[in-house]
Amino acid sequence: MSFYPPEPFRIKMVEPIRLIDRPARQIALQDAGYNLFGLHSDDVFIDLLTDSGTGAMSQNQWSAIMEGDESYAGARSFFRLKEAVNEIFGFRFFVPTHQGRAAENILAALLVKPGQYIPSNMHFDTTDANIRARGGSPANLVIEEAFDPTNRHPFKGNMDIQKLRRFITETGVENIPFGMITITNNAGGGQPVSMENIRKVSETYREFGIPFFIDACRFAENAYFIKMREPGYGEKSTLEIAREIFSFADGATMSAKKDAIVNIGGFFTMNDETLYQAACNELILREGFPTYGGLAGRDLDAIAAGLREGVDEDYLAYRLGQTAYLANLLLDNRIPIIEPPGGHAVYVDAGKFLPHIPQSQFPGQALSVELYIEGGIRACEIGSVMFAYPDPDTGDMMFPKLELVRLAIPRRVYTQSHMDYIGGVFAKIAKQKEKVKGYKFIYAPPMLRHFTARFAPI
Ligand SMILES: Cc1ncc(COP(=O)(O)O)c(C=O)c1O
């Protein structure tokens, strides 16, 4: 029996949810082309599609919203956010953006030229696509343990330093405008990166004169994992750990929809003044004036409050404890998952759970559909639908190493009984899993196809 941490909050406002009956779920799914992104949220009972922008804001954040200064330029809200960003990230400059991918777009637009390469532990889909959209090639250099779902390495998001060195020497420094690391590693199971690894990655990039940017969406969860797991950090506060992480980098892109617990927002922060000026110009062209960056003043205030709440250790203990609780429920039912569980989500190893479905028939997609049919649960495929692309040289389909289904847990939204319900639905599917069938594309756009593709059962 695993431990469920009591929530360090009580509930003041509720949002009704309902489970529509099975025939209605089947019709909803057909109408959506078997793509869970196409469902109406009213037809979803428990929504684990993403933890991005789906968290519950606190009374503090809602009251900060009332303080929002909607001045076009120089708003008080901007300076309050600047203070919070400085407190945690400590880079010299920052610009707000409407979400994380807008920050990535600016970074890629300014620095990536066709034919160049951007190494990381693993790029998330939007970073991957923003680099490709500028003619660049993302390179994923995570440690091999990341691909072994049952290997309980404490920092499976770490970059393989030998692979990185080899990659830099073989590719040539002149072809690498910057390097990245994603904390935690969303595409690889929400796994944390250790401080030691961040330091070594930074030293390697610096040795070769390559600027280093952190994809920082889940920096607070990563910092808390370091506190819990890395020798020498147990006595440090999460805030101190976060500051140390960023001291190793030249800048960061941030989706505030994750660890700043807001429904919209992000930012791009950096030390280089020339880059900052160029970012302001890009921002003005596409997002808005540099003191609001495509957001309302009230959004900036909500982010400022949320950033501070995101590093609160009572909250983080509950947050990671809830994820671990769901992971243990699945393991109790012999559902293969990525172990140990990450911070924001439990990743089910759909390839292993449904071995009769080949990668070309999308086992992760098949399991996601089944979760909805069986229990009204919406999850997200992170496998071949998202990441299988033809090799640009040979045209052969390159499949990802793992076929996963991500159960992302919105922050401060669901309770223990919701987790128990999810465990029960998995137990039912497990009993008849041989009957689950694969899927094929009916329509697929060239990039980020998981959002709008349509499927048919095989
Ligand atoms: C690791 C990572 N980077 C970047 C992004 C993009 O952020 P946004 O959805 O705010 O554009 C996400 C979103 O899920 C993410 O998980």
# chains A, B, ... in the order shown; residues from 1 in each chain; ligands from 1
>>> residues_around(residues="segment 243-254 of chain A", least_positions_apart="2", cutoff="7 Å", atoms="only C-alpha atoms", output="short mmCIF file (atom, residue, chain, number, x, y, z; two decimals) with N, CA and C atoms, in the first residue's frame")
data_model
loop_
_atom_site.label_atom_id
_atom_site.label_comp_id
_atom_site.auth_asym_id
_atom_site.auth_seq_id
_atom_site.Cartn_x
_atom_site.Cartn_y
_atom_site.Cartn_z
N ILE A 88 15.00 33.82 -8.89
CA ILE A 88 15.18 32.38 -9.10
C ILE A 88 16.21 32.08 -10.19
N PHE A 89 16.10 32.75 -11.32
CA PHE A 89 16.93 32.40 -12.48
C PHE A 89 18.26 33.15 -12.50
N GLY A 90 18.20 34.44 -12.16
CA GLY A 90 19.43 35.22 -11.99
C GLY A 90 20.14 35.63 -13.26
N PHE A 91 19.51 35.49 -14.46
CA PHE A 91 20.17 35.98 -15.68
C PHE A 91 19.98 37.49 -15.78
N GLY A 100 5.92 28.73 -23.72
CA GLY A 100 7.30 28.27 -23.88
C GLY A 100 7.76 28.23 -25.32
N ALA A 103 9.14 31.35 -26.77
CA ALA A 103 10.52 31.60 -26.36
C ALA A 103 11.47 30.76 -27.23
N GLU A 104 11.08 29.50 -27.47
CA GLU A 104 11.91 28.61 -28.31
C GLU A 104 11.98 29.14 -29.73
N MET A 195 22.67 17.77 -10.58
CA MET A 195 23.48 19.01 -10.59
C MET A 195 24.85 18.71 -11.18
N ILE A 198 24.53 18.70 -14.88
CA ILE A 198 24.33 20.05 -15.44
C ILE A 198 25.67 20.79 -15.44
N ARG A 199 26.44 20.61 -14.35
CA ARG A 199 27.74 21.28 -14.26
C ARG A 199 28.68 20.78 -15.37
N SER A 202 27.65 22.01 -18.76
CA SER A 202 28.05 23.41 -18.87
C SER A 202 29.55 23.53 -19.15
N PRO A 211 27.26 28.48 -26.46
CA PRO A 211 26.30 28.99 -25.46
C PRO A 211 25.34 27.89 -24.99
N PHE A 212 24.97 27.96 -23.72
CA PHE A 212 24.18 26.88 -23.09
C PHE A 212 22.84 27.43 -22.59
N PHE A 213 21.74 26.87 -23.12
CA PHE A 213 20.40 27.29 -22.70
C PHE A 213 19.66 26.09 -22.07
N ILE A 214 18.95 26.40 -21.00
CA ILE A 214 18.19 25.35 -20.32
C ILE A 214 16.71 25.48 -20.69
N ASP A 215 16.11 24.37 -21.10
CA ASP A 215 14.65 24.32 -21.22
C ASP A 215 14.15 24.05 -19.80
N ALA A 216 13.64 25.12 -19.16
CA ALA A 216 13.48 25.12 -17.70
C ALA A 216 12.05 24.87 -17.22
N CYS A 217 11.16 24.39 -18.09
CA CYS A 217 9.73 24.28 -17.73
C CYS A 217 9.49 23.69 -16.35
N LEU A 239 15.05 26.57 -3.68
CA LEU A 239 15.39 27.84 -4.33
C LEU A 239 16.90 27.95 -4.54
N GLU A 240 17.67 27.60 -3.51
CA GLU A 240 19.13 27.65 -3.66
C GLU A 240 19.60 26.71 -4.77
N ILE A 241 18.97 25.53 -4.81
CA ILE A 241 19.35 24.55 -5.83
C ILE A 241 19.03 25.08 -7.22
N ALA A 256 5.81 28.90 -18.43
CA ALA A 256 5.32 29.13 -17.07
C ALA A 256 4.09 28.28 -16.77
N GLY A 266 5.03 32.43 -20.46
CA GLY A 266 6.38 31.89 -20.52
C GLY A 266 7.36 33.03 -20.56
N PHE A 267 8.63 32.73 -20.70
CA PHE A 267 9.63 33.78 -20.90
C PHE A 267 10.92 33.20 -21.45
N PHE A 268 11.77 34.14 -21.91
CA PHE A 268 13.09 33.81 -22.44
C PHE A 268 14.05 34.69 -21.67
N THR A 269 15.03 34.09 -21.02
CA THR A 269 15.94 34.86 -20.18
C THR A 269 17.38 34.52 -20.55
N MET A 270 18.25 35.52 -20.50
CA MET A 270 19.63 35.32 -20.98
C MET A 270 20.58 36.35 -20.39
N ASN A 271 21.89 36.08 -20.52
CA ASN A 271 22.91 37.02 -20.05
C ASN A 271 23.41 37.95 -21.15
#
>>> residues_near_ligand(ligand="ligand 1", cutoff="8 Å", atoms="only C-alpha atoms and all ligand atoms", output="ChimeraX atom specification")
/A:50-53,98-102,104,123-127,182-187,215-218,253-258,264-266
>>> atom_distance(atom1="atom CA of Pro358 of chain A", atom2="atom CA of Phe399 of chain A")
10.8 Å
>>> residues_around(residues="Gln162 of chain A", least_positions_apart="2", cutoff="12 Å", atoms="only C-alpha atoms", output="list in words")
Leu141, Val142, Ile143, Glu144, Asn158, Met159, Asp160, Leu164, Arg165, Arg166, Phe167, Ile168, Thr169, Asn197, Lys200, Val201 and Thr204 of chain A
>>> residues_around(residues="segment 57-64 of chain A", least_positions_apart="6", cutoff="6 Å", atoms="only C-alpha atoms", output="compact mmCIF listing (two decimals) with C-alpha atoms, in the first residue's frame")
# COMPACT_ATOMS: atom_id res chain seq x y z
CA ASP A 301 1.43 38.88 -11.89
CA ALA A 302 0.04 35.34 -11.76
CA ALA A 305 3.26 34.56 -7.63
>>> residues_around(residues="Asn281 of chain A", least_positions_apart="5", cutoff="12 Å", atoms="only C-alpha atoms", output="ChimeraX atom specification")
/A:95,106,109-110,274-276,286-290,293
>>> write_last_selection(atoms="C-alpha atoms", output="mmCIF file, in the first residue's frame")
data_model
loop_
_atom_site.group_PDB
_atom_site.id
_atom_site.type_symbol
_atom_site.label_atom_id
_atom_site.label_comp_id
_atom_site.auth_asym_id
_atom_site.auth_seq_id
_atom_site.Cartn_x
_atom_site.Cartn_y
_atom_site.Cartn_z
ATOM 1 C CA VAL A 95 11.386 38.940 -21.951
ATOM 2 C CA ILE A 106 12.776 33.377 -30.748
ATOM 3 C CA ALA A 109 14.894 32.252 -35.176
ATOM 4 C CA LEU A 110 17.874 34.230 -33.874
ATOM 5 C CA THR A 274 23.038 41.554 -27.983
ATOM 6 C CA LEU A 275 20.847 38.461 -27.904
ATOM 7 C CA TYR A 276 18.424 40.279 -25.583
ATOM 8 C CA ARG A 286 5.389 38.645 -33.262
ATOM 9 C CA GLU A 287 4.463 38.713 -29.567
ATOM 10 C CA GLY A 288 4.196 42.284 -28.313
ATOM 11 C CA PHE A 289 6.136 45.025 -26.552
ATOM 12 C CA PRO A 290 8.995 43.619 -24.399
ATOM 13 C CA GLY A 293 5.320 39.847 -24.545
#
>>> select_by_dssp(residues="segment 11-137 of chain A", states="strand (DSSP E or B)", output="number ranges by chain")
A: 46-47, 93-97, 117-120, 137
>>> residues_around(residues="Pro363 of chain A", least_positions_apart="6", cutoff="8 Å", atoms="only C-alpha atoms", output="JSON, numbers by chain")
{"A": [350, 351, 354, 357, 403, 438, 439]}
